[in-house]
Amino acid sequence: MIDFTQLIQNENMKIYRRLRTVIMFILILMFNLLFGVLFSLDNGPGQLTAWDAVDQLSFLYFLVVIFSTVVAADIVAGEFTWGTIKLLLIRPWTRSKILGSKLLSVICFTLLLTAWFLVTSIAISFILFPNQPSVIFGQEANPFAYIMEKLLYSYIDLLVITSFSFMISTVFRSGGIAIGLSMFILFTGNIFTMLFNPIRYLLG
């Protein structure tokens, strides 16, 4: 158990020490700030409130999905690309433990990135918009509960996509191919779902 914990710590260090990861967190902050400012400039009296702005900024969650997909697709394939896989295989750890630690590290990364997205969007919204009863949700509704529920559903989709990306990463030894295929699945998944949805043909 101690060895497995050390493996997870090692994988987390690999993820968070890279400049790419820092840029991902900065980009999420900058895009939330950018669109928050744009929404505030277009906001007239009695329009968007703070919680309304948080809901409007939720469309930027696709950045979290893209960044998580990149990390998941590269976490195994990148070891082969950089030649560091040999350093892992010579250690007294089974391959299942190595892959398990990498998968858990990716899940932890998605949770942290999601939390960062939520915190930054809420903070920016409450700075730029008035904390008044929501125009969109109404006075009796609980906007925070709605946003958390919406985020939970989005996170489930994120887990599915990152799991596919991780699977691709274990199959292909090239980080570029793994990331490319993961991006292809990410952007074309909805198209194939729409084309092969049986309800579409039943209604026709």
# chains A, B, ... in the order shown; residues from 1 in each chain; ligands from 1
>>> residues_around(residues="Leu181 of chain A", least_positions_apart="4", cutoff="9 Å", atoms="only C-alpha atoms", output="VMD selection string")
chain A and resid 73 165 168 176 to 177 185 to 186
>>> residues_around(residues="Val54 of chain A", least_positions_apart="2", cutoff="12 Å", atoms="only C-alpha atoms", output="PDB file with C-alpha atoms, in the first residue's frame")
ATOM      1  CA  ASN A  32     -13.156  32.958 -17.012  1.00  0.00           C
ATOM      2  CA  LEU A  33     -11.944  36.503 -16.435  1.00  0.00           C
ATOM      3  CA  PHE A  35     -15.720  36.239 -20.616  1.00  0.00           C
ATOM      4  CA  GLY A  36     -16.733  37.544 -17.211  1.00  0.00           C
ATOM      5  CA  PHE A  39     -20.571  39.661 -19.940  1.00  0.00           C
ATOM      6  CA  SER A  40     -20.311  42.538 -17.461  1.00  0.00           C
ATOM      7  CA  LEU A  48     -27.296  39.188 -14.972  1.00  0.00           C
ATOM      8  CA  THR A  49     -26.552  38.650 -11.302  1.00  0.00           C
ATOM      9  CA  ALA A  50     -23.551  36.843  -9.831  1.00  0.00           C
ATOM     10  CA  TRP A  51     -25.110  33.368  -9.932  1.00  0.00           C
ATOM     11  CA  ASP A  52     -26.450  34.000 -13.415  1.00  0.00           C
ATOM     12  CA  GLN A  56     -23.237  31.531 -18.156  1.00  0.00           C
ATOM     13  CA  LEU A  57     -19.536  30.839 -17.625  1.00  0.00           C
ATOM     14  CA  SER A  58     -20.180  27.110 -17.304  1.00  0.00           C
ATOM     15  CA  PHE A  59     -19.840  26.723 -21.079  1.00  0.00           C
ATOM     16  CA  LEU A  60     -16.083  27.166 -20.575  1.00  0.00           C
ATOM     17  CA  TYR A  61     -15.973  23.768 -18.883  1.00  0.00           C
ATOM     18  CA  PHE A 117     -12.749  26.125 -12.663  1.00  0.00           C
ATOM     19  CA  LEU A 118     -15.652  26.364 -10.214  1.00  0.00           C
ATOM     20  CA  VAL A 119     -13.795  28.541  -7.709  1.00  0.00           C
ATOM     21  CA  THR A 120     -12.484  30.960 -10.333  1.00  0.00           C
ATOM     22  CA  SER A 121     -15.842  31.287 -12.086  1.00  0.00           C
ATOM     23  CA  ILE A 122     -17.651  31.964  -8.797  1.00  0.00           C
ATOM     24  CA  ALA A 123     -15.007  34.422  -7.583  1.00  0.00           C
ATOM     25  CA  ILE A 124     -14.939  36.375 -10.847  1.00  0.00           C
ATOM     26  CA  SER A 125     -18.737  36.425 -11.080  1.00  0.00           C
ATOM     27  CA  PHE A 126     -19.172  37.786  -7.564  1.00  0.00           C
ATOM     28  CA  ILE A 127     -16.516  40.430  -8.201  1.00  0.00           C
ATOM     29  CA  LEU A 128     -17.984  41.660 -11.481  1.00  0.00           C
ATOM     30  CA  PHE A 129     -21.719  41.149 -10.903  1.00  0.00           C
ATOM     31  CA  PRO A 130     -24.109  42.156  -8.117  1.00  0.00           C
ATOM     32  CA  ASN A 131     -25.053  39.570  -5.512  1.00  0.00           C
ATOM     33  CA  SER A 134     -31.138  35.508  -9.601  1.00  0.00           C
ATOM     34  CA  ILE A 136     -32.595  33.292 -14.441  1.00  0.00           C
ATOM     35  CA  PHE A 137     -33.262  30.993 -11.490  1.00  0.00           C
ATOM     36  CA  PRO A 143     -28.715  28.468  -8.007  1.00  0.00           C
ATOM     37  CA  PHE A 144     -25.717  26.880  -6.284  1.00  0.00           C
ATOM     38  CA  TYR A 146     -28.416  23.750  -9.793  1.00  0.00           C
ATOM     39  CA  ILE A 147     -24.891  24.696 -10.871  1.00  0.00           C
ATOM     40  CA  MET A 148     -23.359  21.874  -8.825  1.00  0.00           C
ATOM     41  CA  LYS A 150     -25.017  20.621 -13.814  1.00  0.00           C
ATOM     42  CA  LEU A 151     -21.300  20.419 -13.091  1.00  0.00           C
TER      43      LEU A 151
END
>>> closest_residue(among="A:Ser105, A:Ile179, A:Thr162, A:Leu63", to="Ile23 of chain A", atoms="only C-alpha atoms")
A:Leu63
>>> closest_residue(among="A:Asp157, A:Glu79, A:Glu11, A:Glu149", to="Arg173 of chain A", atoms="only C-alpha atoms")
A:Glu79
>>> atom_distance(atom1="atom CA of Phe67 of chain A", atom2="atom CA of Ile156 of chain A")
15.4 Å
>>> closest_residue(among="A:Leu111, A:Val76, A:Ile8, A:Ile161", to="Thr188 of chain A", atoms="only C-alpha atoms")
A:Ile161
>>> atom_distance(atom1="atom CA of Phe25 of chain A", atom2="atom CA of Gln132 of chain A")
29.0 Å
>>> residues_around(residues="Ser68 of chain A", least_positions_apart="2", cutoff="8 Å", atoms="only C-alpha atoms", output="MDAnalysis selection string")
chainID A and resid 64:66 70:72 106 109:110 158 162
>>> residues_around(residues="Ser101 of chain A", least_positions_apart="5", cutoff="10 Å", atoms="only C-alpha atoms", output="PyMOL selection string")
chain A and resi 4-12+95-96+106-107
>>> write_last_selection(atoms="N, CA, C and O atoms", output="short mmCIF file (atom, residue, chain, number, x, y, z; two decimals), in the first residue's frame")
data_model
loop_
_atom_site.label_atom_id
_atom_site.label_comp_id
_atom_site.auth_asym_id
_atom_site.auth_seq_id
_atom_site.Cartn_x
_atom_site.Cartn_y
_atom_site.Cartn_z
N PHE A 4 2.23 1.80 -3.42
CA PHE A 4 1.22 2.33 -4.34
C PHE A 4 1.01 3.83 -4.09
O PHE A 4 0.84 4.61 -5.03
N THR A 5 1.04 4.23 -2.82
CA THR A 5 0.91 5.65 -2.49
C THR A 5 2.09 6.44 -3.04
O THR A 5 1.92 7.55 -3.56
N GLN A 6 3.27 5.86 -2.96
CA GLN A 6 4.45 6.52 -3.52
C GLN A 6 4.35 6.65 -5.03
O GLN A 6 4.77 7.66 -5.61
N LEU A 7 3.78 5.63 -5.66
CA LEU A 7 3.57 5.70 -7.11
C LEU A 7 2.63 6.85 -7.48
O LEU A 7 2.89 7.59 -8.43
N ILE A 8 1.55 6.99 -6.72
CA ILE A 8 0.59 8.07 -6.98
C ILE A 8 1.26 9.43 -6.78
O ILE A 8 1.08 10.35 -7.58
N GLN A 9 2.04 9.56 -5.71
CA GLN A 9 2.75 10.81 -5.47
C GLN A 9 3.73 11.11 -6.61
O GLN A 9 3.86 12.27 -7.04
N ASN A 10 4.39 10.08 -7.08
CA ASN A 10 5.34 10.25 -8.18
C ASN A 10 4.64 10.72 -9.45
O ASN A 10 5.13 11.62 -10.15
N GLU A 11 3.48 10.13 -9.74
CA GLU A 11 2.73 10.53 -10.94
C GLU A 11 2.19 11.95 -10.81
O GLU A 11 2.18 12.71 -11.78
N ASN A 12 1.75 12.31 -9.61
CA ASN A 12 1.26 13.68 -9.41
C ASN A 12 2.39 14.69 -9.59
O ASN A 12 2.18 15.78 -10.14
N ARG A 95 2.73 -4.01 -13.36
CA ARG A 95 2.20 -3.08 -14.36
C ARG A 95 0.81 -2.60 -13.98
O ARG A 95 0.43 -1.47 -14.30
N SER A 96 0.05 -3.45 -13.30
CA SER A 96 -1.29 -3.03 -12.88
C SER A 96 -1.21 -1.90 -11.86
O SER A 96 -2.02 -0.97 -11.89
N VAL A 106 -4.75 10.83 -12.82
CA VAL A 106 -5.54 11.57 -13.81
C VAL A 106 -6.88 11.99 -13.20
O VAL A 106 -7.34 13.13 -13.39
N ILE A 107 -7.51 11.09 -12.46
CA ILE A 107 -8.79 11.41 -11.83
C ILE A 107 -8.62 12.55 -10.82
O ILE A 107 -9.44 13.48 -10.76
#
>>> closest_residue(among="A:Leu19, A:Asp55, A:Phe166, A:Lys14", to="Ala145 of chain A", atoms="only C-alpha atoms")
A:Asp55
>>> select_by_dssp(residues="segment 8-107 of chain A", states="alpha helix (DSSP H)", output="ChimeraX atom specification")
/A:8-16,19-41,50-57,61-74,77-82,85-89,95-107
>>> atom_distance(atom1="atom CA of Lys102 of chain A", atom2="atom CA of Leu29 of chain A")
25.9 Å
>>> decode(residues="segment 45-190 of chain A", atoms="C-alpha atoms", output="CSV table (one decimal), in the first residue's frame")
chain,number,residue,atom,x,y,z
A,45,PRO,CA,-29.4,47.1,-15.0
A,46,GLY,CA,-31.5,44.3,-13.7
A,47,GLN,CA,-30.0,41.7,-16.0
A,48,LEU,CA,-27.3,39.2,-15.0
A,49,THR,CA,-26.6,38.7,-11.3
A,50,ALA,CA,-23.6,36.8,-9.8
A,51,TRP,CA,-25.1,33.4,-9.9
A,52,ASP,CA,-26.4,34.0,-13.4
A,53,ALA,CA,-22.9,34.8,-14.5
A,54,VAL,CA,-21.6,31.6,-13.0
A,55,ASP,CA,-24.2,29.7,-15.0
A,56,GLN,CA,-23.2,31.5,-18.2
A,57,LEU,CA,-19.5,30.8,-17.6
A,58,SER,CA,-20.2,27.1,-17.3
A,59,PHE,CA,-19.8,26.7,-21.1
A,60,LEU,CA,-16.1,27.2,-20.6
A,61,TYR,CA,-16.0,23.8,-18.9
A,62,PHE,CA,-15.0,22.4,-22.3
A,63,LEU,CA,-11.5,23.7,-21.5
A,64,VAL,CA,-11.3,21.4,-18.5
A,65,VAL,CA,-12.4,18.5,-20.7
A,66,ILE,CA,-9.7,19.3,-23.3
A,67,PHE,CA,-6.9,19.7,-20.8
A,68,SER,CA,-7.9,16.6,-18.9
A,69,THR,CA,-8.0,14.6,-22.2
A,70,VAL,CA,-4.5,15.8,-23.1
A,71,VAL,CA,-3.1,14.8,-19.7
A,72,ALA,CA,-4.9,11.4,-19.8
A,73,ALA,CA,-3.7,10.7,-23.3
A,74,ASP,CA,-0.1,11.6,-22.6
A,75,ILE,CA,0.4,10.1,-19.1
A,76,VAL,CA,1.3,6.6,-20.4
A,77,ALA,CA,2.3,7.2,-24.0
A,78,GLY,CA,4.5,10.1,-22.8
A,79,GLU,CA,6.6,7.6,-20.9
A,80,PHE,CA,7.4,5.8,-24.1
A,81,THR,CA,8.0,9.0,-26.0
A,82,TRP,CA,10.5,10.3,-23.4
A,83,GLY,CA,12.0,6.9,-22.7
A,84,THR,CA,11.2,7.0,-19.0
A,85,ILE,CA,9.1,3.8,-19.1
A,86,LYS,CA,12.2,1.8,-18.5
A,87,LEU,CA,12.8,3.5,-15.2
A,88,LEU,CA,9.3,2.4,-14.1
A,89,LEU,CA,9.5,-1.2,-15.4
A,90,ILE,CA,12.8,-1.9,-13.6
A,91,ARG,CA,11.2,-1.0,-10.2
A,92,PRO,CA,9.6,-3.8,-8.2
A,93,TRP,CA,6.1,-2.7,-9.1
A,94,THR,CA,3.6,-4.6,-11.2
A,95,ARG,CA,2.2,-3.1,-14.4
A,96,SER,CA,-1.3,-3.0,-12.9
A,97,LYS,CA,0.0,-0.9,-10.0
A,98,ILE,CA,1.7,1.5,-12.4
A,99,LEU,CA,-1.4,1.9,-14.6
A,100,GLY,CA,-3.6,2.1,-11.5
A,101,SER,CA,-1.5,4.9,-10.1
A,102,LYS,CA,-1.6,6.8,-13.3
A,103,LEU,CA,-5.3,6.5,-13.7
A,104,LEU,CA,-5.9,7.7,-10.1
A,105,SER,CA,-3.6,10.6,-10.7
A,106,VAL,CA,-5.5,11.6,-13.8
A,107,ILE,CA,-8.8,11.4,-11.8
A,108,CYS,CA,-7.3,13.6,-9.1
A,109,PHE,CA,-6.1,16.0,-11.8
A,110,THR,CA,-9.7,16.2,-13.2
A,111,LEU,CA,-11.1,16.9,-9.8
A,112,LEU,CA,-8.6,19.6,-9.0
A,113,LEU,CA,-9.1,21.2,-12.4
A,114,THR,CA,-12.8,21.1,-12.0
A,115,ALA,CA,-12.6,22.7,-8.5
A,116,TRP,CA,-10.3,25.4,-9.9
A,117,PHE,CA,-12.7,26.1,-12.7
A,118,LEU,CA,-15.7,26.4,-10.2
A,119,VAL,CA,-13.8,28.5,-7.7
A,120,THR,CA,-12.5,31.0,-10.3
A,121,SER,CA,-15.8,31.3,-12.1
A,122,ILE,CA,-17.7,32.0,-8.8
A,123,ALA,CA,-15.0,34.4,-7.6
A,124,ILE,CA,-14.9,36.4,-10.8
A,125,SER,CA,-18.7,36.4,-11.1
A,126,PHE,CA,-19.2,37.8,-7.6
A,127,ILE,CA,-16.5,40.4,-8.2
A,128,LEU,CA,-18.0,41.7,-11.5
A,129,PHE,CA,-21.7,41.1,-10.9
A,130,PRO,CA,-24.1,42.2,-8.1
A,131,ASN,CA,-25.1,39.6,-5.5
A,132,GLN,CA,-28.8,39.9,-6.0
A,133,PRO,CA,-31.7,37.4,-6.4
A,134,SER,CA,-31.1,35.5,-9.6
A,135,VAL,CA,-32.9,36.7,-12.7
A,136,ILE,CA,-32.6,33.3,-14.4
A,137,PHE,CA,-33.3,31.0,-11.5
A,138,GLY,CA,-35.8,33.1,-9.6
A,139,GLN,CA,-35.9,34.0,-6.0
A,140,GLU,CA,-37.0,30.7,-4.6
A,141,ALA,CA,-34.6,28.5,-6.6
A,142,ASN,CA,-31.2,27.5,-5.3
A,143,PRO,CA,-28.7,28.5,-8.0
A,144,PHE,CA,-25.7,26.9,-6.3
A,145,ALA,CA,-27.4,23.5,-6.1
A,146,TYR,CA,-28.4,23.7,-9.8
A,147,ILE,CA,-24.9,24.7,-10.9
A,148,MET,CA,-23.4,21.9,-8.8
A,149,GLU,CA,-25.8,19.4,-10.3
A,150,LYS,CA,-25.0,20.6,-13.8
A,151,LEU,CA,-21.3,20.4,-13.1
A,152,LEU,CA,-21.7,16.9,-11.8
A,153,TYR,CA,-23.3,15.7,-15.0
A,154,SER,CA,-20.5,17.4,-17.0
A,155,TYR,CA,-17.9,15.8,-14.8
A,156,ILE,CA,-19.4,12.3,-15.5
A,157,ASP,CA,-19.0,13.0,-19.2
A,158,LEU,CA,-15.4,14.1,-18.5
A,159,LEU,CA,-14.6,10.9,-16.7
A,160,VAL,CA,-15.9,8.8,-19.6
A,161,ILE,CA,-13.8,10.8,-22.1
A,162,THR,CA,-10.6,10.8,-20.0
A,163,SER,CA,-11.0,7.0,-19.4
A,164,PHE,CA,-11.1,6.5,-23.2
A,165,SER,CA,-8.1,8.8,-23.5
A,166,PHE,CA,-6.2,6.8,-20.9
A,167,MET,CA,-7.1,3.6,-22.6
A,168,ILE,CA,-5.7,4.9,-25.9
A,169,SER,CA,-2.6,6.1,-24.1
A,170,THR,CA,-1.9,2.5,-22.9
A,171,VAL,CA,-2.3,1.1,-26.4
A,172,PHE,CA,-0.2,3.6,-28.4
A,173,ARG,CA,3.3,4.4,-27.5
A,174,SER,CA,3.3,7.7,-29.2
A,175,GLY,CA,2.1,10.7,-27.2
A,176,GLY,CA,1.1,12.6,-30.4
A,177,ILE,CA,-1.0,9.8,-31.7
A,178,ALA,CA,-2.7,9.2,-28.4
A,179,ILE,CA,-3.5,12.9,-28.0
A,180,GLY,CA,-4.6,13.2,-31.6
A,181,LEU,CA,-7.0,10.2,-31.4
A,182,SER,CA,-8.4,11.4,-28.1
A,183,MET,CA,-9.1,14.9,-29.5
A,184,PHE,CA,-10.8,13.2,-32.5
A,185,ILE,CA,-13.0,11.2,-30.2
A,186,LEU,CA,-13.7,14.2,-28.1
A,187,PHE,CA,-14.9,16.4,-31.0
A,188,THR,CA,-16.6,13.8,-33.1
A,189,GLY,CA,-18.3,11.8,-30.3
A,190,ASN,CA,-21.5,13.9,-30.4
